[in-house]
$ cat coords_11.tsv   # TSV, C-alpha atoms
chain	number	residue	atom	x	y	z
A	1	MET	CA	124.31	92.46	156.19
A	2	THR	CA	121.00	91.26	154.82
A	3	THR	CA	118.71	93.62	152.95
A	4	VAL	CA	115.04	92.93	152.50
A	5	ASP	CA	113.37	95.16	149.93
A	6	VAL	CA	109.62	95.02	149.91
A	7	PRO	CA	108.08	96.69	146.86
A	8	SER	CA	106.18	99.63	148.30
A	9	GLU	CA	107.40	103.17	147.79
A	10	GLY	CA	110.96	102.37	148.82
A	11	PHE	CA	110.17	100.49	152.05
A	12	ALA	CA	113.14	98.40	153.11
A	13	VAL	CA	114.64	96.88	156.21
A	14	THR	CA	118.32	96.06	156.55
A	15	VAL	CA	119.54	93.64	159.18
A	16	SER	CA	123.11	93.96	160.40
A	17	PHE	CA	125.08	93.15	163.54
A	18	GLU	CA	127.17	95.38	165.80
A	19	GLY	CA	128.91	93.02	168.16
A	20	SER	CA	126.13	91.18	169.99
A	21	ARG	CA	123.44	93.66	168.88
A	22	ALA	CA	121.14	93.03	165.94
A	23	VAL	CA	120.28	96.25	164.10
A	24	LEU	CA	117.22	96.61	161.90
A	25	GLY	CA	117.47	99.74	159.74
A	26	VAL	CA	114.06	100.88	158.55
A	27	ARG	CA	113.61	103.02	155.43
A	28	GLY	CA	110.39	104.43	154.03
A	29	GLU	CA	106.89	104.12	155.45
A	30	VAL	CA	105.70	101.58	158.02
A	31	ASP	CA	101.94	101.47	157.69
A	32	LEU	CA	99.22	98.86	157.99
A	33	PHE	CA	100.49	97.15	154.83
A	34	ARG	CA	104.19	97.06	155.79
A	35	ALA	CA	104.05	96.59	159.56
A	36	SER	CA	103.74	92.82	159.19
A	37	ASP	CA	106.97	92.76	157.12
A	38	LEU	CA	108.84	94.63	159.84
A	39	GLY	CA	107.25	92.40	162.48
A	40	ALA	CA	108.29	89.22	160.69
A	41	LEU	CA	111.92	90.37	160.51
A	42	LEU	CA	111.96	91.58	164.11
A	43	HIS	CA	110.51	88.33	165.40
A	44	ALA	CA	112.94	86.29	163.25
A	45	VAL	CA	115.87	88.16	164.81
A	46	ILE	CA	114.46	87.63	168.32
A	47	ALA	CA	113.86	83.93	167.55
A	48	GLN	CA	117.58	83.62	166.78
A	49	SER	CA	118.26	84.44	170.47
A	50	HIS	CA	119.38	88.02	169.95
A	51	ARG	CA	118.64	89.82	173.23
A	52	SER	CA	119.85	93.28	172.27
A	53	VAL	CA	117.98	94.62	169.27
A	54	VAL	CA	118.20	98.10	167.79
A	55	ILE	CA	115.65	99.50	165.37
A	56	ASP	CA	117.27	102.39	163.50
A	57	LEU	CA	114.66	104.86	162.26
A	58	ALA	CA	117.05	107.28	160.51
A	59	GLY	CA	115.41	106.48	157.17
A	60	LEU	CA	111.84	106.35	158.44
A	61	ALA	CA	109.42	108.65	156.60
A	62	PHE	CA	106.19	107.62	158.36
A	63	ILE	CA	104.90	105.17	160.97
A	64	ASP	CA	101.33	104.51	162.03
A	65	ALA	CA	99.80	102.67	164.99
A	66	SER	CA	100.37	99.27	163.41
A	67	GLY	CA	104.11	99.98	163.17
A	68	LEU	CA	104.18	101.18	166.78
A	69	ARG	CA	102.47	97.97	167.83
A	70	VAL	CA	105.17	95.88	166.11
A	71	ILE	CA	107.86	97.79	167.99
A	72	ALA	CA	105.98	97.53	171.30
A	73	ASP	CA	105.37	93.79	170.83
A	74	GLY	CA	109.04	93.20	170.04
A	75	ALA	CA	110.14	95.24	173.05
A	76	ASN	CA	107.74	93.37	175.31
A	77	HIS	CA	108.94	89.99	174.06
A	78	LEU	CA	112.58	90.98	174.57
A	79	ARG	CA	111.90	92.36	178.04
A	80	LYS	CA	110.26	89.10	179.14
A	81	SER	CA	113.34	87.17	178.02
A	82	GLY	CA	115.82	89.54	179.69
A	83	GLY	CA	116.63	91.54	176.57
A	84	LYS	CA	116.00	95.07	175.41
A	85	LEU	CA	114.92	96.93	172.33
A	86	THR	CA	116.38	100.33	171.55
A	87	VAL	CA	115.04	102.70	168.92
A	88	ARG	CA	117.93	104.60	167.36
A	89	SER	CA	117.57	107.91	165.54
A	90	PRO	CA	113.95	108.56	166.50
A	91	SER	CA	112.44	111.76	165.13
A	92	ALA	CA	111.00	114.34	167.50
A	93	MET	CA	107.53	113.21	166.43
A	94	PHE	CA	108.34	109.56	167.18
A	95	ARG	CA	109.69	110.54	170.61
A	96	ARG	CA	106.50	112.45	171.32
A	97	ILE	CA	104.29	109.53	170.22
A	98	VAL	CA	106.22	107.16	172.48
A	99	GLU	CA	105.76	109.58	175.37
A	100	ILE	CA	102.02	110.10	174.75
A	101	THR	CA	101.26	106.40	174.30
A	102	GLY	CA	103.15	105.37	177.43
A	103	LEU	CA	105.63	103.23	175.51
A	104	SER	CA	108.56	105.10	177.06
A	105	GLY	CA	108.68	102.53	179.86
A	106	LEU	CA	109.01	99.71	177.34
A	107	VAL	CA	111.03	101.14	174.46
A	108	GLN	CA	114.44	102.70	175.04
A	109	LEU	CA	115.18	105.69	172.80
A	110	GLY	CA	118.79	106.11	171.74
A	111	GLN	CA	120.95	108.52	169.78
A	112	THR	CA	121.87	108.48	166.10
A	113	ALA	CA	124.21	105.84	164.74
A	114	THR	CA	126.83	108.51	164.00
A	115	VAL	CA	126.90	109.70	167.61
A	116	ALA	CA	127.00	106.14	168.93
A	117	ALA	CA	129.87	105.21	166.59
A	118	HIS	CA	131.82	108.34	167.53
A	119	LEU	CA	131.38	107.92	171.29
A	120	GLY	CA	131.74	104.14	171.36
A	121	ALA	CA	129.56	101.67	173.23
A	122	GLU	CA	131.04	102.46	176.64
A	123	GLU	CA	130.50	106.22	176.26
A	124	SER	CA	127.12	106.08	174.55
A	125	ILE	CA	124.57	108.51	175.94
A	126	ASP	CA	120.89	109.15	175.47
A	127	LEU	CA	120.12	112.52	173.98
A	128	PRO	CA	117.75	114.71	175.98
A	129	GLU	CA	114.16	114.67	174.78
$ encode --input "coords_11.tsv" --output "structure tokens"
Amino acid sequence: MTTVDVPSEGFAVTVSFEGSRAVLGVRGEVDLFRASDLGALLHAVIAQSHRSVVIDLAGLAFIDASGLRVIADGANHLRKSGGKLTVRSPSAMFRRIVEITGLSGLVQLGQTATVAAHLGAEESIDLPE
């Protein structure tokens, strides 16, 4: 696991791997000043030919439009290359923003890491919105 700590009110992104999936765990606030850091890591993972990428938002405190754009851009890039981006542990507010902005057709929303680990990859389900 690689941890990247960027000095800004506890913002950090961890990169780990679950089988063939790359998982970026986001902690803190993703705003105009930190979105580029998240984007750089996401694009580096995609550039390494990972086609299944999960962004885990369990530790997310805040995200603005610039952070959403990073996620949408990453999802779009993966989709074009036959991959997919899943957002794990989205808050109710994040789910609503994805719905309102029309990103629901591009970004797959998943369950929490605990549920996924308990059920296993074959039994994984999406929680109702």
$ atom_distance --input "coords_11.tsv" --atom1 "atom CA of Pro90 of chain A" --atom2 "atom CA of Asp37 of chain A"
19.7 Å
$ atom_distance --input "coords_11.tsv" --atom1 "atom CA of Leu60 of chain A" --atom2 "atom CA of Phe94 of chain A"
9.9 Å
$ atom_distance --input "coords_11.tsv" --atom1 "atom CA of Ile63 of chain A" --atom2 "atom CA of Ser20 of chain A"
27.0 Å
$ residues_near_point --input "coords_11.tsv" --point "(113.0, 102.5, 155.6)" --cutoff "8 Å" --atoms "all atoms listed in the file" --output "ChimeraX atom specification"
/A:10-13,25-30,57-61
$ closest_residue --input "coords_11.tsv" --among "A:Val15, A:Val107, A:Ile97, A:Leu24" --to "Ala65 of chain A" --atoms "all atoms listed in the file"
A:Ile97
$ closest_residue --input "coords_11.tsv" --among "A:Arg79, A:Arg95, A:His50, A:Lys84" --to "Glu18 of chain A" --atoms "all atoms listed in the file"
A:His50
$ closest_residue --input "coords_11.tsv" --among "A:Gly110, A:Gly105, A:Gly67, A:Gly74" --to "His43 of chain A" --atoms "only C-alpha atoms"
A:Gly74
$ residues_around --input "coords_11.tsv" --residues "Gln108 of chain A" --least-positions-apart "6" --cutoff "8 Å" --atoms "all atoms listed in the file" --output "JSON, numbers by chain"
{"A": [84, 85, 86, 87]}
$ write_last_selection --input "coords_11.tsv" --atoms "C-alpha atoms" --output "JSON list (two decimals), keeping the file's coordinate frame"
[["chain", "number", "residue", "atom", "x", "y", "z"],
["A", 84, "LYS", "CA", 116.00, 95.07, 175.41],
["A", 85, "LEU", "CA", 114.92, 96.93, 172.33],
["A", 86, "THR", "CA", 116.38, 100.33, 171.55],
["A", 87, "VAL", "CA", 115.04, 102.70, 168.92]]
$ closest_residue --input "coords_11.tsv" --among "A:Leu68, A:Val54, A:Ala22, A:Thr14" --to "Ser36 of chain A" --atoms "all atoms listed in the file"
A:Leu68
$ closest_residue --input "coords_11.tsv" --among "A:Ala75, A:Val70, A:Ala35, A:Ala44" --to "Ser104 of chain A" --atoms "all atoms listed in the file"
A:Ala75
$ closest_residue --input "coords_11.tsv" --among "A:Gly82, A:Gly102, A:Ser66, A:Val53" --to "Leu41 of chain A" --atoms "all atoms listed in the file"
A:Val53
$ decode --input "coords_11.tsv" --residues "segment 38-86 of chain A" --atoms "N, CA and C atoms" --output "PDB file, in the first residue's frame"
ATOM      1  N   LEU A  38      -5.514  14.464  -6.267  1.00  0.00           N
ATOM      2  CA  LEU A  38      -6.298  13.255  -6.485  1.00  0.00           C
ATOM      3  C   LEU A  38      -6.250  12.867  -7.959  1.00  0.00           C
ATOM      4  N   GLY A  39      -6.395  13.849  -8.843  1.00  0.00           N
ATOM      5  CA  GLY A  39      -6.358  13.589 -10.280  1.00  0.00           C
ATOM      6  C   GLY A  39      -5.037  12.986 -10.724  1.00  0.00           C
ATOM      7  N   ALA A  40      -3.942  13.497 -10.211  1.00  0.00           N
ATOM      8  CA  ALA A  40      -2.624  12.981 -10.584  1.00  0.00           C
ATOM      9  C   ALA A  40      -2.480  11.511 -10.188  1.00  0.00           C
ATOM     10  N   LEU A  41      -2.938  11.172  -8.977  1.00  0.00           N
ATOM     11  CA  LEU A  41      -2.855   9.776  -8.533  1.00  0.00           C
ATOM     12  C   LEU A  41      -3.780   8.871  -9.338  1.00  0.00           C
ATOM     13  N   LEU A  42      -4.996   9.340  -9.593  1.00  0.00           N
ATOM     14  CA  LEU A  42      -5.952   8.554 -10.369  1.00  0.00           C
ATOM     15  C   LEU A  42      -5.413   8.295 -11.774  1.00  0.00           C
ATOM     16  N   HIS A  43      -4.894   9.319 -12.406  1.00  0.00           N
ATOM     17  CA  HIS A  43      -4.376   9.150 -13.763  1.00  0.00           C
ATOM     18  C   HIS A  43      -3.109   8.293 -13.786  1.00  0.00           C
ATOM     19  N   ALA A  44      -2.297   8.349 -12.736  1.00  0.00           N
ATOM     20  CA  ALA A  44      -1.113   7.490 -12.651  1.00  0.00           C
ATOM     21  C   ALA A  44      -1.525   6.021 -12.556  1.00  0.00           C
ATOM     22  N   VAL A  45      -2.557   5.745 -11.771  1.00  0.00           N
ATOM     23  CA  VAL A  45      -3.062   4.367 -11.647  1.00  0.00           C
ATOM     24  C   VAL A  45      -3.611   3.890 -12.986  1.00  0.00           C
ATOM     25  N   ILE A  46      -4.384   4.729 -13.654  1.00  0.00           N
ATOM     26  CA  ILE A  46      -4.950   4.368 -14.959  1.00  0.00           C
ATOM     27  C   ILE A  46      -3.836   4.161 -15.980  1.00  0.00           C
ATOM     28  N   ALA A  47      -2.799   4.988 -15.939  1.00  0.00           N
ATOM     29  CA  ALA A  47      -1.674   4.884 -16.869  1.00  0.00           C
ATOM     30  C   ALA A  47      -0.910   3.574 -16.690  1.00  0.00           C
ATOM     31  N   GLN A  48      -1.042   2.962 -15.515  1.00  0.00           N
ATOM     32  CA  GLN A  48      -0.388   1.676 -15.256  1.00  0.00           C
ATOM     33  C   GLN A  48      -1.244   0.496 -15.724  1.00  0.00           C
ATOM     34  N   SER A  49      -2.244   0.789 -16.559  1.00  0.00           N
ATOM     35  CA  SER A  49      -3.124  -0.209 -17.182  1.00  0.00           C
ATOM     36  C   SER A  49      -4.107  -0.870 -16.235  1.00  0.00           C
ATOM     37  N   HIS A  50      -4.411  -0.236 -15.123  1.00  0.00           N
ATOM     38  CA  HIS A  50      -5.464  -0.750 -14.249  1.00  0.00           C
ATOM     39  C   HIS A  50      -6.799  -0.359 -14.866  1.00  0.00           C
ATOM     40  N   ARG A  51      -7.668  -1.336 -15.094  1.00  0.00           N
ATOM     41  CA  ARG A  51      -8.947  -1.082 -15.758  1.00  0.00           C
ATOM     42  C   ARG A  51     -10.127  -1.151 -14.799  1.00  0.00           C
ATOM     43  N   SER A  52      -9.881  -1.578 -13.574  1.00  0.00           N
ATOM     44  CA  SER A  52     -10.914  -1.566 -12.546  1.00  0.00           C
ATOM     45  C   SER A  52     -10.377  -0.741 -11.386  1.00  0.00           C
ATOM     46  N   VAL A  53     -10.955   0.446 -11.227  1.00  0.00           N
ATOM     47  CA  VAL A  53     -10.480   1.372 -10.208  1.00  0.00           C
ATOM     48  C   VAL A  53     -11.630   1.699  -9.263  1.00  0.00           C
ATOM     49  N   VAL A  54     -11.332   1.659  -7.984  1.00  0.00           N
ATOM     50  CA  VAL A  54     -12.305   2.000  -6.950  1.00  0.00           C
ATOM     51  C   VAL A  54     -11.798   3.239  -6.219  1.00  0.00           C
ATOM     52  N   ILE A  55     -12.681   4.210  -6.051  1.00  0.00           N
ATOM     53  CA  ILE A  55     -12.363   5.360  -5.205  1.00  0.00           C
ATOM     54  C   ILE A  55     -13.224   5.216  -3.959  1.00  0.00           C
ATOM     55  N   ASP A  56     -12.571   4.995  -2.827  1.00  0.00           N
ATOM     56  CA  ASP A  56     -13.270   4.784  -1.561  1.00  0.00           C
ATOM     57  C   ASP A  56     -13.392   6.127  -0.841  1.00  0.00           C
ATOM     58  N   LEU A  57     -14.635   6.566  -0.653  1.00  0.00           N
ATOM     59  CA  LEU A  57     -14.890   7.866  -0.038  1.00  0.00           C
ATOM     60  C   LEU A  57     -15.291   7.773   1.433  1.00  0.00           C
ATOM     61  N   ALA A  58     -14.996   6.656   2.088  1.00  0.00           N
ATOM     62  CA  ALA A  58     -15.383   6.488   3.491  1.00  0.00           C
ATOM     63  C   ALA A  58     -14.819   7.600   4.374  1.00  0.00           C
ATOM     64  N   GLY A  59     -13.635   8.104   4.048  1.00  0.00           N
ATOM     65  CA  GLY A  59     -13.014   9.142   4.858  1.00  0.00           C
ATOM     66  C   GLY A  59     -13.184  10.540   4.304  1.00  0.00           C
ATOM     67  N   LEU A  60     -14.027  10.692   3.301  1.00  0.00           N
ATOM     68  CA  LEU A  60     -14.230  11.996   2.671  1.00  0.00           C
ATOM     69  C   LEU A  60     -15.067  12.903   3.563  1.00  0.00           C
ATOM     70  N   ALA A  61     -14.582  14.121   3.780  1.00  0.00           N
ATOM     71  CA  ALA A  61     -15.324  15.104   4.572  1.00  0.00           C
ATOM     72  C   ALA A  61     -16.068  16.091   3.671  1.00  0.00           C
ATOM     73  N   PHE A  62     -15.491  16.366   2.489  1.00  0.00           N
ATOM     74  CA  PHE A  62     -16.069  17.376   1.602  1.00  0.00           C
ATOM     75  C   PHE A  62     -15.516  17.169   0.203  1.00  0.00           C
ATOM     76  N   ILE A  63     -16.352  17.432  -0.807  1.00  0.00           N
ATOM     77  CA  ILE A  63     -15.889  17.430  -2.194  1.00  0.00           C
ATOM     78  C   ILE A  63     -16.631  18.530  -2.942  1.00  0.00           C
ATOM     79  N   ASP A  64     -15.904  19.267  -3.764  1.00  0.00           N
ATOM     80  CA  ASP A  64     -16.554  20.303  -4.556  1.00  0.00           C
ATOM     81  C   ASP A  64     -16.565  19.893  -6.029  1.00  0.00           C
ATOM     82  N   ALA A  65     -16.973  20.807  -6.891  1.00  0.00           N
ATOM     83  CA  ALA A  65     -17.112  20.506  -8.315  1.00  0.00           C
ATOM     84  C   ALA A  65     -15.796  20.084  -8.958  1.00  0.00           C
ATOM     85  N   SER A  66     -14.686  20.615  -8.485  1.00  0.00           N
ATOM     86  CA  SER A  66     -13.398  20.240  -9.063  1.00  0.00           C
ATOM     87  C   SER A  66     -13.062  18.779  -8.741  1.00  0.00           C
ATOM     88  N   GLY A  67     -13.429  18.328  -7.565  1.00  0.00           N
ATOM     89  CA  GLY A  67     -13.232  16.917  -7.210  1.00  0.00           C
ATOM     90  C   GLY A  67     -14.140  16.004  -8.013  1.00  0.00           C
ATOM     91  N   LEU A  68     -15.386  16.431  -8.214  1.00  0.00           N
ATOM     92  CA  LEU A  68     -16.316  15.657  -9.043  1.00  0.00           C
ATOM     93  C   LEU A  68     -15.796  15.535 -10.466  1.00  0.00           C
ATOM     94  N   ARG A  69     -15.213  16.614 -10.970  1.00  0.00           N
ATOM     95  CA  ARG A  69     -14.680  16.591 -12.329  1.00  0.00           C
ATOM     96  C   ARG A  69     -13.544  15.571 -12.450  1.00  0.00           C
ATOM     97  N   VAL A  70     -12.683  15.491 -11.455  1.00  0.00           N
ATOM     98  CA  VAL A  70     -11.590  14.518 -11.467  1.00  0.00           C
ATOM     99  C   VAL A  70     -12.158  13.107 -11.551  1.00  0.00           C
ATOM    100  N   ILE A  71     -13.170  12.832 -10.739  1.00  0.00           N
ATOM    101  CA  ILE A  71     -13.792  11.508 -10.741  1.00  0.00           C
ATOM    102  C   ILE A  71     -14.460  11.225 -12.091  1.00  0.00           C
ATOM    103  N   ALA A  72     -15.188  12.212 -12.619  1.00  0.00           N
ATOM    104  CA  ALA A  72     -15.851  12.040 -13.909  1.00  0.00           C
ATOM    105  C   ALA A  72     -14.841  11.833 -15.032  1.00  0.00           C
ATOM    106  N   ASP A  73     -13.760  12.604 -15.031  1.00  0.00           N
ATOM    107  CA  ASP A  73     -12.722  12.449 -16.059  1.00  0.00           C
ATOM    108  C   ASP A  73     -12.085  11.064 -15.998  1.00  0.00           C
ATOM    109  N   GLY A  74     -11.788  10.607 -14.783  1.00  0.00           N
ATOM    110  CA  GLY A  74     -11.211   9.273 -14.618  1.00  0.00           C
ATOM    111  C   GLY A  74     -12.157   8.191 -15.094  1.00  0.00           C
ATOM    112  N   ALA A  75     -13.435   8.322 -14.744  1.00  0.00           N
ATOM    113  CA  ALA A  75     -14.443   7.346 -15.171  1.00  0.00           C
ATOM    114  C   ALA A  75     -14.582   7.331 -16.686  1.00  0.00           C
ATOM    115  N   ASN A  76     -14.578   8.505 -17.285  1.00  0.00           N
ATOM    116  CA  ASN A  76     -14.690   8.609 -18.740  1.00  0.00           C
ATOM    117  C   ASN A  76     -13.491   7.970 -19.431  1.00  0.00           C
ATOM    118  N   HIS A  77     -12.308   8.224 -18.931  1.00  0.00           N
ATOM    119  CA  HIS A  77     -11.091   7.644 -19.499  1.00  0.00           C
ATOM    120  C   HIS A  77     -11.129   6.116 -19.396  1.00  0.00           C
ATOM    121  N   LEU A  78     -11.523   5.621 -18.227  1.00  0.00           N
ATOM    122  CA  LEU A  78     -11.603   4.167 -18.043  1.00  0.00           C
ATOM    123  C   LEU A  78     -12.651   3.544 -18.953  1.00  0.00           C
ATOM    124  N   ARG A  79     -13.783   4.186 -19.072  1.00  0.00           N
ATOM    125  CA  ARG A  79     -14.867   3.668 -19.917  1.00  0.00           C
ATOM    126  C   ARG A  79     -14.406   3.522 -21.364  1.00  0.00           C
ATOM    127  N   LYS A  80     -13.690   4.529 -21.863  1.00  0.00           N
ATOM    128  CA  LYS A  80     -13.207   4.514 -23.249  1.00  0.00           C
ATOM    129  C   LYS A  80     -12.214   3.382 -23.488  1.00  0.00           C
ATOM    130  N   SER A  81     -11.525   2.955 -22.436  1.00  0.00           N
ATOM    131  CA  SER A  81     -10.540   1.882 -22.586  1.00  0.00           C
ATOM    132  C   SER A  81     -11.081   0.536 -22.099  1.00  0.00           C
ATOM    133  N   GLY A  82     -12.396   0.453 -21.911  1.00  0.00           N
ATOM    134  CA  GLY A  82     -13.010  -0.808 -21.512  1.00  0.00           C
ATOM    135  C   GLY A  82     -12.982  -1.078 -20.022  1.00  0.00           C
ATOM    136  N   GLY A  83     -12.651  -0.090 -19.224  1.00  0.00           N
ATOM    137  CA  GLY A  83     -12.600  -0.268 -17.781  1.00  0.00           C
ATOM    138  C   GLY A  83     -13.786   0.378 -17.087  1.00  0.00           C
ATOM    139  N   LYS A  84     -13.716   0.387 -15.759  1.00  0.00           N
ATOM    140  CA  LYS A  84     -14.790   1.043 -15.006  1.00  0.00           C
ATOM    141  C   LYS A  84     -14.249   1.621 -13.713  1.00  0.00           C
ATOM    142  N   LEU A  85     -14.917   2.676 -13.280  1.00  0.00           N
ATOM    143  CA  LEU A  85     -14.593   3.321 -12.022  1.00  0.00           C
ATOM    144  C   LEU A  85     -15.799   3.168 -11.109  1.00  0.00           C
ATOM    145  N   THR A  86     -15.542   2.688  -9.908  1.00  0.00           N
ATOM    146  CA  THR A  86     -16.581   2.533  -8.900  1.00  0.00           C
ATOM    147  C   THR A  86     -16.258   3.428  -7.716  1.00  0.00           C
TER     148      THR A  86
END
